[in-house]
Structure formats: structure tokens, C-alpha cells
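Input: a single structure, listed below in C-alpha cells.
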Amino acid sequence: MNAEPPDPAWIDRTLVCARPQVVGALLRYFRDLEKAEEAFQEACLRALGHWPRNGPPRDPVAWLIMVGRNVTLDHVRRQARQQPLPDEALLSELEDAETPLADRLDNADYRDDVLRLLFICCHPDLPATQQIALALRIVCGLSVSQIARAFLVSDSAMEQRITRAKGRIGAGDAPFETPGPLERAERLESVAAMLYLLFNEGYSASGEQLRDRAPLCAEAIRLTRLLLRLFPAEPEIMGLLSLMLLQHARQKARFDADGGIILLEAQDRFLWNRTMITEGTALIDKAVRHRRRGPYQFQAAIAALHASAASPPETDWPQIELLYRGLEQIQPSPVVTLNRAVALSKVAGPAAALDLIDPLAERLDSYFHYHGVRGAFLMQLERRGEARTAFDRAIARARTPAEAAQIRQYLDQLATS
Amino acid sequence: MLYAILCYDNEDVVGSWSKEEDDAVIGKLSVVTEKLAQAGRLGPVFRLLPTTAATTVRKGREALVLDGPFAETKEQLLGVYIVDCEGLEEAVETAQELARASGTNGCYELRPLSLFMPGAVAGS
């Protein structure tokens with residue numbers, strides 16, 4: 001332990017990092033989300049007063065759980081007897097009690113607490129965006145206005161949404177029993193899906209939204225890493241974290257100065273974050289040893305092949321095409337087939353790729369990327385008129401100015417070539 | 001005598017540093033490491049990826065491969081310095097210097113080496 005008082009930034013960071021475990025444990029104890037959050041706030045206030053004077057505790061998480069619990073019980077007692085208890089005495093007792101508590105609270109407890117906390121945010125009655133907003137508020141501790149900015153709504157609208165969502169999950173039957181293996185696996189799957197959505201909210205941002213949304217990627221990575229620490233032998237969680245790291249590693253290379261999208265083949269690969277790529281690659285290596293295939297592992301393996309190519313022509317497209325085939329088998333979807341077609345075009349040429357996606361026309365008609373990719377294949381085949389029609393359709397379906405700008409580049413190429 | 005200075009800290013907290021914060025800490029530490037290097041006392045220095053990237057192979061009749069680090073601890077082994085020191089006194093002084101420079105929490109474990117093979121990997 002460091003004898004010098006911890007600096008304020010360290011305390012802030014420690015409180016943020018401890019939040020999922022502490023709120024999760026307090027939720028198990030009080031069985032009331034509102035009370036658990038209040039108790040956490042109260043414990044944080046005590047920490048801000050106590051830690052700079054007495055040095056940080058050996059186990060900040062255990063300290064916060066203990067204080068959060070006791071302070072709330074103290075409030076209850078006060079209300080009952082109208083008789084205040086001495087705060088400082090309470091806290092010094094705590095220091096003595098900390099060690100045995102820390103020993104009792106091992107990973108097994110935190111594991112289900114954190115999973116429960118994340119899982120209640122994934123309530124099936126809540127639309128995906130509300131699940132994410134709730135997780136950001138309750139688990140990550142982001143402020144309402146931070147979340148409101150990320151979702152492009154006013155603070156009061158977001159406040160209302162969160163309150164309403166909390167009401168829904170509060171009224172429901174929150175699962176407080178220790179889950180069995182099957183339930184645990186189901187919960188993990190829902191939570192992983194929600195974390196993936198959270199990541200994508202950040203990843204899909206471009207232009208002016210970048211600044212407010214990019215932190216969502218970091219939050220998703222942080223929570224997934226925590227989840228993997230608690231469930232270290234789950235290949236799909238390894239795959240999910242690997243996928244996030246490999247995608248996020250390209251963050252700095254994905255946009256130009258105006259926030260416009262730079263496509264993979266045009267990115268400056270020196271801007272890719274090597275540490276994240278190394279970690280992502282190490283994780284997918286670990287995951288495949290389990291020989292339990294899953295969609296996140298397939299996607300991570302594909303991302304790893306892109307990340308390991310020093311330049312676009314060095315990309316192992318045959319292997320990527322095979323991986324998309326595998327993904328298609330376990331999770332058939334026209335979007336996966338569309339992605340496979342891009343890989344196939346590199347391996348077998350644009351005609352074969354076009355044959356693969358033509359049958360998807362109806363199902364993917366409203367999808368921007370379908371028309372963009374199709375236009376690119378047609379352009380390679382010198383079918384210029386059809387290519388132009390496809391690109392026009394893509395522009396009409398673009399969701400952001402950046403997407404439209406990307407297609408206009410193709411149209412310019414068509415016009416000048 | 002060669003000492004391994006093992007750095008332990010809460011990896012959740014350290015992992016949440018921004019690149020700027022991380023660079024700042026590395027910058028402060030490099031003042032100490034450069035001095036050690038100039039004195040010819042600094043061996044290899046390495047930083048470990050988070051424990052989620054770790055795999056444990058347990059020895060036995062059939063070596064068992066387990067996911068995660070060897071031990072679940074409150075603070076995790078995050079990196080190592082190999083430093084040449086006169087003795088424990090100097091090793092403690094060096095670790096204290098690193099501690100002051102880093103300005104973060106956690107701790108250093110000092111372990112004298114009994115075998116040192118510098119190896120020849122280039123790293124990346």
C-alpha cells in the first residue's frame with residue numbers, strides 16, 4: 001500500500017471501476033436498485049472524505065460495499081430512533097472488519113452480482129437503445145447528460161427514458177436467486193448481445209457525433225473485459241472482447257479530419273493501435289482452443305486477419321471467405337452473405353460475388369450497404385449504367401452524410417474513368 | 001546482483017487510463033529508467049497485457065490448460081523491470097524512485113534473480 005495520500009484522479013478512477021461490483025453487491029443485499037445506487041453514492045462520498053486522509057484501503061471494492069451497506073442501515077436506524085450514530089466510530093470499526101470481508105467476497109460473489117446487474121438492464125420488455133442507456137447509467141455511472149448527448153436527445157428526455165426504464169425493471173421480477181449453469185449461460189448471452197450493441201453505438205458514429213459517441217466503445221470494452229475476468233473460460237466472451245479491441249484499434253484511421261469515413265483499404269495502417277491488436281489477437285487465439293464456435297469468435301477471427309495484413313493486397317481473403325461461410329452456417333443472415341460476397345469478389349472475381357448477392361435484392365432493398373457493394377461489383381464489371389443506378393439507390397438510403405459522401409466518391413470515379 | 005522489480009496494480013484502474021495519461025506516466029518513469037540505463041544498470045523492461053489475455057498451464061501428469069492468470073488477486077502483475085543493484089538497499093531505493101515518479105498506487109515486489117538469460121528476441 002502506498003503511504004502517501006492517493007491523488008484525486010486515482011480515487012475517481014477507482015470509484016468508477018469499482019461501480020459494477022459494488023452496485024451489484026449492494027443490489028443483492030437490498031434487492032432494490034434505487035437503494036443500491038444511493039448507497040453507492042453515499043459510500044463514494046465517504047471515500048472522498050476518508051481515503052485522502054487515511055490512505056486508500058487495500059481492497060477498495062470491499063470497502064465501498066461495506067460502507068454502502070452500513071451507511072444505509074445507519075440511515076434506517078436513524079429514521080427509526082431519531083438518534084444519530086457517530087460516523088467516525090463507524091468508519092474506524094470498518095477498517096478492522098475490512099480484511100475478513102475482503103476474504104469472503106471473492107470472484108464467485110462478484111461474478112453473479114455483476115452479471116445480475118448487467119442482466120436486469122437487458123430486460124426483454126425494453127427496446128435495445130433503452131437497455132444500453134440503462135447500462136450506461138447504472139453500470140458505467142455515466143451522467144444523464146453524457147448519455148443524452150450520445151443518443152442525440154435532450155437531457156430531460158433521457159432522464160424520463162431512464163426513469164421509465166428503471167420503473168419497468170423495478171416492477172418486474174428481478175432475478176435474485178443464484179443462477180444455475182443454464183441460466184447463467186443464458187444471462188451471459190443476453191448481456192454479451194447488449195454489450196455488442198453498446199459497442200456498435202459508438203463504432204457506427206461518424207462526423208459530428210464522433211466526439212460524444214466514441215467513449216461508448218471504451219465503456220463497452222471496459223465492461224466486457226470485466227465480464228471476461230469474472231468468466232475467464234467463456235470463448236464467446238473472449239471472442240466478443242477480441243472483436244471489440246480489433247475494431248476499436250482502427251479508430252484513429254477510420255475518419256478524415258472532417259469526420260468522413262475512410263474505408264479499410266484506404267486506411268493508414270500505421271495509425272492502427274498495435275497494443276489493442278495484440279490483445280485482440282491473443283484473445284481469439286485463446287478462444288479457438290475451446291473448439292466451441294460462436295458468432296463473436298468468427299467475427300473476431302475475420303477482424304484479426306484484416307488486422308494482421310500489413311497492406312490491403314496482403315489480406316488473406318480466401319481464409320476470410322471461409323470464416324464468413326462458417327458464420328453463415330451458424331447465424332444465417334443476408335448481411336453476413338453480403339459480407340461474404342465482398343470476400344468472394346477478391347477470391348473469385350466480381351461476377352461470382354454478384355451472383356451470390358442478387359438473390360438478396362428483396363430482403364436487403366432498404367439496406368445502404370447492399371446497393372453500395374452491388375454498385376462496386378458492377379463498376380468492376382464495367383456495367384456502368386447499372387452501377388450508377390445502384391449507387392443512386394445507396395445514396396437514397398444513406399443514414400449519415402458520411403455514408404452519402406462515400407458513395408459520391410464512387411460516382412466521381414465512374415464519371416472520370 | 002540482478003533484481004526483478006515486479007509492478008503490481010489494479011488493472012481495471014490502470015487499464016482505464018487514456019493514452020495521454022498513460023504516456024504521461026511512462027514519461028515520468030522514463031526519467032528514472034534513462035538514468036538507470038546510462039549507469040548500465042537496466043536490463044529488459046516489459047509490460048504485460050491484461051490478465052484476461054493470460055493462460056495458465058498447470059503441471060501434472062497431463063499438463064492442464066486453464067484460462068486466466070495463475071492467481072486471482074486484488075492487484076495484478078502488470079510489468080517487470082530487470083535492474084542491476086548492489087544489494088537490497090539499492091533495489092529498494094530504485095523501487096522507491098520508480099514509485100515517486102509514477103505517482104500511482106499499487107506496489108513493487110523485489111525479487112533477486114538466480115538465473116538471467118537476456119535472450120535475443122527483437123520484440124515489436
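Naming works like this for the C-alpha cells: A, B, ... for the chains as they're shown, residue 1 at the start of each chain, ligands 1 onward in shown order.
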9 Å contact set for B:Leu49, only C-alpha atoms, chain neighbours under 4 positions out, as a PDB file with C-alpha atoms, in the first residue's frame:
ATOM      1  CA  THR A 275      -1.457  -2.908 -28.397  1.00  0.00           C
ATOM      2  CA  THR A 278      -2.022  -7.721 -29.975  1.00  0.00           C
ATOM      3  CA  GLU A 279      -4.523  -8.162 -27.169  1.00  0.00           C
TER       4      GLU A 279
ATOM      5  CA  ALA B  53      -5.233 -12.433 -22.083  1.00  0.00           C
ATOM      6  CA  ALA B  54      -3.430 -14.873 -19.763  1.00  0.00           C
ATOM      7  CA  LEU B  78       1.375  -5.698 -14.873  1.00  0.00           C
ATOM      8  CA  GLY B  79       5.040  -5.401 -15.760  1.00  0.00           C
TER       9      GLY B  79
END
request  = Up to 8 Å from chain B, what residues of chain A turn up? Count only C-alpha atoms and give them as a list in words.
outcome  =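 That gives the following set of residues: Met1, Asn2, Pro6, Asp7, Trp10, Arg13, Thr14, Cys17, Asp59, Asn107, Arg222, Arg225, Leu226, Leu228, Arg229, Pro232, Ala233, Glu279, Ala282, Leu283 and Lys286 of chain A.
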Could you save the residues just selected, with N, CA, C and O atoms, as a tab-separated table (two decimals), in the first residue's frame?
chain	number	residue	atom	x	y	z
A	1	MET	N	0.84	-1.21	0.00
A	1	MET	CA	0.00	0.00	0.00
A	1	MET	C	0.87	1.25	0.00
A	1	MET	O	1.92	1.29	0.61
A	2	ASN	N	0.43	2.24	-0.68
A	2	ASN	CA	1.17	3.49	-0.78
A	2	ASN	C	0.84	4.34	0.46
A	2	ASN	O	-0.32	4.56	0.78
A	6	PRO	N	-3.60	9.16	-1.79
A	6	PRO	CA	-3.82	8.95	-3.22
A	6	PRO	C	-4.29	10.24	-3.90
A	6	PRO	O	-4.95	11.05	-3.27
A	7	ASP	N	-3.91	10.42	-5.16
A	7	ASP	CA	-4.33	11.65	-5.82
A	7	ASP	C	-5.79	11.53	-6.26
A	7	ASP	O	-6.31	10.44	-6.42
A	10	TRP	N	-6.82	9.27	-9.11
A	10	TRP	CA	-6.81	7.84	-8.79
A	10	TRP	C	-8.11	7.46	-8.08
A	10	TRP	O	-8.72	6.43	-8.37
A	13	ARG	N	-11.01	7.35	-10.56
A	13	ARG	CA	-10.92	6.19	-11.43
A	13	ARG	C	-11.30	4.92	-10.68
A	13	ARG	O	-11.98	4.05	-11.20
A	14	THR	N	-10.82	4.83	-9.43
A	14	THR	CA	-11.10	3.64	-8.64
A	14	THR	C	-12.60	3.52	-8.37
A	14	THR	O	-13.17	2.43	-8.45
A	17	CYS	N	-14.30	2.35	-11.57
A	17	CYS	CA	-14.02	0.94	-11.86
A	17	CYS	C	-14.71	0.01	-10.87
A	17	CYS	O	-15.04	-1.12	-11.20
A	59	ASP	N	-8.52	-3.08	-0.30
A	59	ASP	CA	-9.47	-3.56	-1.29
A	59	ASP	C	-10.62	-2.55	-1.40
A	59	ASP	O	-11.59	-2.61	-0.65
A	107	ASN	N	-14.18	-13.79	-6.17
A	107	ASN	CA	-14.73	-13.67	-7.52
A	107	ASN	C	-16.10	-14.30	-7.68
A	107	ASN	O	-16.93	-13.79	-8.43
A	222	ARG	N	-14.46	-1.88	-21.56
A	222	ARG	CA	-14.21	-1.97	-20.12
A	222	ARG	C	-15.13	-3.01	-19.48
A	222	ARG	O	-14.68	-3.86	-18.71
A	225	ARG	N	-14.29	-6.58	-20.64
A	225	ARG	CA	-13.07	-7.07	-20.00
A	225	ARG	C	-13.36	-7.51	-18.58
A	225	ARG	O	-12.88	-8.54	-18.12
A	226	LEU	N	-14.19	-6.73	-17.90
A	226	LEU	CA	-14.60	-7.09	-16.54
A	226	LEU	C	-15.34	-8.43	-16.57
A	226	LEU	O	-15.07	-9.33	-15.77
A	228	LEU	N	-15.13	-10.81	-18.71
A	228	LEU	CA	-14.20	-11.90	-19.02
A	228	LEU	C	-13.33	-12.25	-17.81
A	228	LEU	O	-12.99	-13.41	-17.60
A	229	ARG	N	-12.98	-11.23	-17.02
A	229	ARG	CA	-12.23	-11.52	-15.79
A	229	ARG	C	-13.05	-12.41	-14.87
A	229	ARG	O	-12.52	-13.29	-14.20
A	232	PRO	N	-13.63	-16.36	-16.97
A	232	PRO	CA	-12.42	-16.40	-17.79
A	232	PRO	C	-12.40	-17.51	-18.84
A	232	PRO	O	-11.57	-17.49	-19.73
A	233	ALA	N	-13.31	-18.48	-18.75
A	233	ALA	CA	-13.22	-19.62	-19.68
A	233	ALA	C	-14.35	-19.63	-20.70
A	233	ALA	O	-14.68	-20.67	-21.25
A	279	GLU	N	-3.63	-7.58	-28.18
A	279	GLU	CA	-4.52	-8.16	-27.17
A	279	GLU	C	-5.68	-8.91	-27.84
A	279	GLU	O	-6.03	-10.02	-27.45
A	282	ALA	N	-4.44	-12.15	-29.24
A	282	ALA	CA	-4.17	-13.12	-28.17
A	282	ALA	C	-5.48	-13.75	-27.68
A	282	ALA	O	-5.55	-14.94	-27.40
A	283	LEU	N	-6.53	-12.93	-27.60
A	283	LEU	CA	-7.81	-13.42	-27.08
A	283	LEU	C	-8.48	-14.40	-28.05
A	283	LEU	O	-9.03	-15.41	-27.62
A	286	LYS	N	-6.83	-17.67	-27.82
A	286	LYS	CA	-7.28	-18.42	-26.65
A	286	LYS	C	-8.65	-19.05	-26.90
A	286	LYS	O	-8.90	-20.19	-26.53
Within 10 Å of stretch 386-388 of chain A using only C-alpha atoms, minus same-chain residues under 3 positions, as a list in words =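 Final neighbour list, sorted by chain and number: His371, Gly372, Val373, Arg374, Gly375, Ala376, Phe377, Leu378, Met379, Gln380, Leu381, Glu382, Arg383, Phe391, Asp392, Arg393, Ala394, Tyr410, Leu411, Leu414 and Ala415 of chain A.
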ask   = Separation of atom CA of A:Ile120 and atom CA of A:Ser154, in Å?
value =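 Value for the atom CA of A:Ile120-atom CA of A:Ser154 distance: 24.7 Å.
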key: Option closest in space to B:Leu48, from B:Met1, B:Val80, B:Lys19, B:Val121 [counting only C-alpha atoms]   =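 Closest candidate: B:Val80.
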Give me the residues near A:Tyr203 as an mmCIF file with all heavy atoms, in the first residue's frame, where near means some atom within 9 Å (using only C-alpha atoms) and where sequence neighbours in that chain fewer than 3 positions away do not count.
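File selection_25.cif, as written:
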data_model
loop_
_atom_site.group_PDB
_atom_site.id
_atom_site.type_symbol
_atom_site.label_atom_id
_atom_site.label_comp_id
_atom_site.auth_asym_id
_atom_site.auth_seq_id
_atom_site.Cartn_x
_atom_site.Cartn_y
_atom_site.Cartn_z
ATOM 1 N N LEU A 198 -23.971 -1.847 -27.444
ATOM 2 C CA LEU A 198 -23.357 -0.653 -26.852
ATOM 3 C C LEU A 198 -22.102 -0.276 -27.636
ATOM 4 O O LEU A 198 -21.900 0.889 -28.006
ATOM 5 C CB LEU A 198 -23.010 -0.930 -25.378
ATOM 6 C CG LEU A 198 -22.120 0.073 -24.659
ATOM 7 C CD1 LEU A 198 -22.750 1.459 -24.666
ATOM 8 C CD2 LEU A 198 -21.873 -0.365 -23.205
ATOM 9 N N PHE A 199 -21.286 -1.281 -27.929
ATOM 10 C CA PHE A 199 -20.064 -1.014 -28.693
ATOM 11 C C PHE A 199 -20.411 -0.426 -30.060
ATOM 12 O O PHE A 199 -19.819 0.562 -30.497
ATOM 13 C CB PHE A 199 -19.255 -2.303 -28.871
ATOM 14 C CG PHE A 199 -17.990 -2.100 -29.666
ATOM 15 C CD1 PHE A 199 -16.850 -1.604 -29.057
ATOM 16 C CD2 PHE A 199 -17.957 -2.369 -31.023
ATOM 17 C CE1 PHE A 199 -15.691 -1.381 -29.786
ATOM 18 C CE2 PHE A 199 -16.802 -2.150 -31.761
ATOM 19 C CZ PHE A 199 -15.670 -1.652 -31.139
ATOM 20 N N ASN A 200 -21.408 -1.028 -30.714
ATOM 21 C CA ASN A 200 -21.759 -0.575 -32.057
ATOM 22 C C ASN A 200 -22.328 0.834 -32.082
ATOM 23 O O ASN A 200 -22.173 1.537 -33.068
ATOM 24 C CB ASN A 200 -22.731 -1.556 -32.710
ATOM 25 C CG ASN A 200 -21.965 -2.673 -33.389
ATOM 26 O OD1 ASN A 200 -20.873 -2.455 -33.890
ATOM 27 N ND2 ASN A 200 -22.520 -3.866 -33.371
ATOM 28 N N SER A 206 -20.117 8.714 -36.786
ATOM 29 C CA SER A 206 -19.153 9.393 -37.642
ATOM 30 C C SER A 206 -19.464 10.893 -37.586
ATOM 31 O O SER A 206 -20.424 11.310 -36.938
ATOM 32 C CB SER A 206 -19.237 8.887 -39.087
ATOM 33 O OG SER A 206 -20.511 9.161 -39.612
ATOM 34 N N LEU A 210 -18.999 11.856 -33.520
ATOM 35 C CA LEU A 210 -17.840 11.083 -33.074
ATOM 36 C C LEU A 210 -17.446 11.367 -31.635
ATOM 37 O O LEU A 210 -17.230 10.457 -30.847
ATOM 38 C CB LEU A 210 -16.639 11.398 -33.974
ATOM 39 C CG LEU A 210 -16.365 10.416 -35.104
ATOM 40 C CD1 LEU A 210 -15.189 10.909 -35.915
ATOM 41 C CD2 LEU A 210 -16.074 9.041 -34.527
ATOM 42 N N ARG A 213 -19.868 10.014 -29.054
ATOM 43 C CA ARG A 213 -20.191 8.588 -29.094
ATOM 44 C C ARG A 213 -18.990 7.659 -28.958
ATOM 45 O O ARG A 213 -19.146 6.519 -28.537
ATOM 46 C CB ARG A 213 -20.899 8.258 -30.400
ATOM 47 C CG ARG A 213 -22.309 8.724 -30.388
ATOM 48 C CD ARG A 213 -23.067 7.960 -31.423
ATOM 49 N NE ARG A 213 -24.483 8.113 -31.222
ATOM 50 C CZ ARG A 213 -25.370 7.357 -31.814
ATOM 51 N NH1 ARG A 213 -25.008 6.412 -32.620
ATOM 52 N NH2 ARG A 213 -26.641 7.535 -31.578
ATOM 53 N N ALA A 214 -17.822 8.147 -29.356
ATOM 54 C CA ALA A 214 -16.646 7.270 -29.310
ATOM 55 C C ALA A 214 -16.411 6.697 -27.905
ATOM 56 O O ALA A 214 -15.998 5.542 -27.781
ATOM 57 C CB ALA A 214 -15.417 8.004 -29.832
ATOM 58 N N LEU A 216 -18.380 5.438 -25.958
ATOM 59 C CA LEU A 216 -19.201 4.247 -25.740
ATOM 60 C C LEU A 216 -18.404 2.985 -26.052
ATOM 61 O O LEU A 216 -18.592 1.960 -25.399
ATOM 62 C CB LEU A 216 -20.471 4.290 -26.592
ATOM 63 C CG LEU A 216 -21.411 5.485 -26.390
ATOM 64 C CD1 LEU A 216 -22.700 5.270 -27.175
ATOM 65 C CD2 LEU A 216 -21.734 5.710 -24.919
ATOM 66 N N CYS A 217 -17.518 3.059 -27.039
ATOM 67 C CA CYS A 217 -16.673 1.902 -27.366
ATOM 68 C C CYS A 217 -15.785 1.551 -26.174
ATOM 69 O O CYS A 217 -15.653 0.382 -25.814
ATOM 70 C CB CYS A 217 -15.785 2.201 -28.575
ATOM 71 S SG CYS A 217 -16.689 2.318 -30.111
ATOM 72 N N GLN A 247 -11.634 -3.990 -33.675
ATOM 73 C CA GLN A 247 -12.347 -2.928 -34.394
ATOM 74 C C GLN A 247 -11.927 -1.556 -33.884
ATOM 75 O O GLN A 247 -11.676 -0.638 -34.659
ATOM 76 C CB GLN A 247 -13.868 -3.064 -34.214
ATOM 77 C CG GLN A 247 -14.444 -4.405 -34.594
ATOM 78 C CD GLN A 247 -14.681 -4.538 -36.077
ATOM 79 O OE1 GLN A 247 -13.764 -4.406 -36.869
ATOM 80 N NE2 GLN A 247 -15.920 -4.823 -36.462
ATOM 81 N N HIS A 248 -11.879 -1.449 -32.559
ATOM 82 C CA HIS A 248 -11.564 -0.154 -31.947
ATOM 83 C C HIS A 248 -10.116 0.260 -32.243
ATOM 84 O O HIS A 248 -9.805 1.450 -32.268
ATOM 85 C CB HIS A 248 -11.809 -0.223 -30.440
ATOM 86 C CG HIS A 248 -11.889 1.120 -29.788
ATOM 87 N ND1 HIS A 248 -12.701 2.133 -30.270
ATOM 88 C CD2 HIS A 248 -11.274 1.636 -28.711
ATOM 89 C CE1 HIS A 248 -12.565 3.205 -29.513
ATOM 90 N NE2 HIS A 248 -11.703 2.932 -28.554
ATOM 91 N N GLN A 251 -9.745 2.902 -34.825
ATOM 92 C CA GLN A 251 -10.456 4.168 -34.593
ATOM 93 C C GLN A 251 -9.776 5.386 -35.218
ATOM 94 O O GLN A 251 -10.399 6.146 -35.948
ATOM 95 C CB GLN A 251 -10.618 4.375 -33.069
ATOM 96 C CG GLN A 251 -11.278 5.677 -32.659
ATOM 97 C CD GLN A 251 -12.767 5.697 -32.998
ATOM 98 O OE1 GLN A 251 -13.376 4.679 -33.303
ATOM 99 N NE2 GLN A 251 -13.365 6.884 -32.953
#
Fewer than 3 positions away in the same chain doesn't count, so skip those; otherwise give me all residues within 8 Å of A:Ile330, counting only C-alpha atoms, as a CSV table (one decimal) with all heavy atoms, in the first residue's frame.
chain,number,residue,atom,x,y,z
A,294,GLY,N,-18.7,-19.8,-32.3
A,294,GLY,CA,-19.8,-18.9,-32.0
A,294,GLY,C,-19.6,-17.6,-32.8
A,294,GLY,O,-18.5,-17.4,-33.4
A,295,PRO,N,-20.7,-16.9,-33.0
A,295,PRO,CA,-20.6,-15.7,-33.9
A,295,PRO,C,-19.6,-14.7,-33.6
A,295,PRO,O,-18.9,-14.2,-34.5
A,295,PRO,CB,-22.0,-15.1,-33.8
A,295,PRO,CG,-22.8,-15.9,-32.8
A,295,PRO,CD,-22.0,-17.1,-32.5
A,326,GLY,N,-18.5,-20.0,-42.4
A,326,GLY,CA,-18.8,-20.6,-41.1
A,326,GLY,C,-19.8,-19.8,-40.4
A,326,GLY,O,-20.7,-20.3,-39.7
A,327,LEU,N,-19.6,-18.5,-40.4
A,327,LEU,CA,-20.6,-17.6,-39.7
A,327,LEU,C,-22.0,-17.7,-40.3
A,327,LEU,O,-23.0,-17.8,-39.6
A,327,LEU,CB,-20.1,-16.2,-39.8
A,327,LEU,CG,-20.9,-15.1,-39.1
A,327,LEU,CD1,-21.0,-15.4,-37.6
A,327,LEU,CD2,-20.2,-13.7,-39.3
task = Could you check how far atom CA of A:Leu271 sits from atom CA of A:Phe255, in Å to one decimal?
result =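 Between these atoms lies a distance of 11.0 Å.
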key: One-decimal distance in Å that lies between atom CA of A:Gln267 and atom CA of A:Ala402   = 15.5 Å
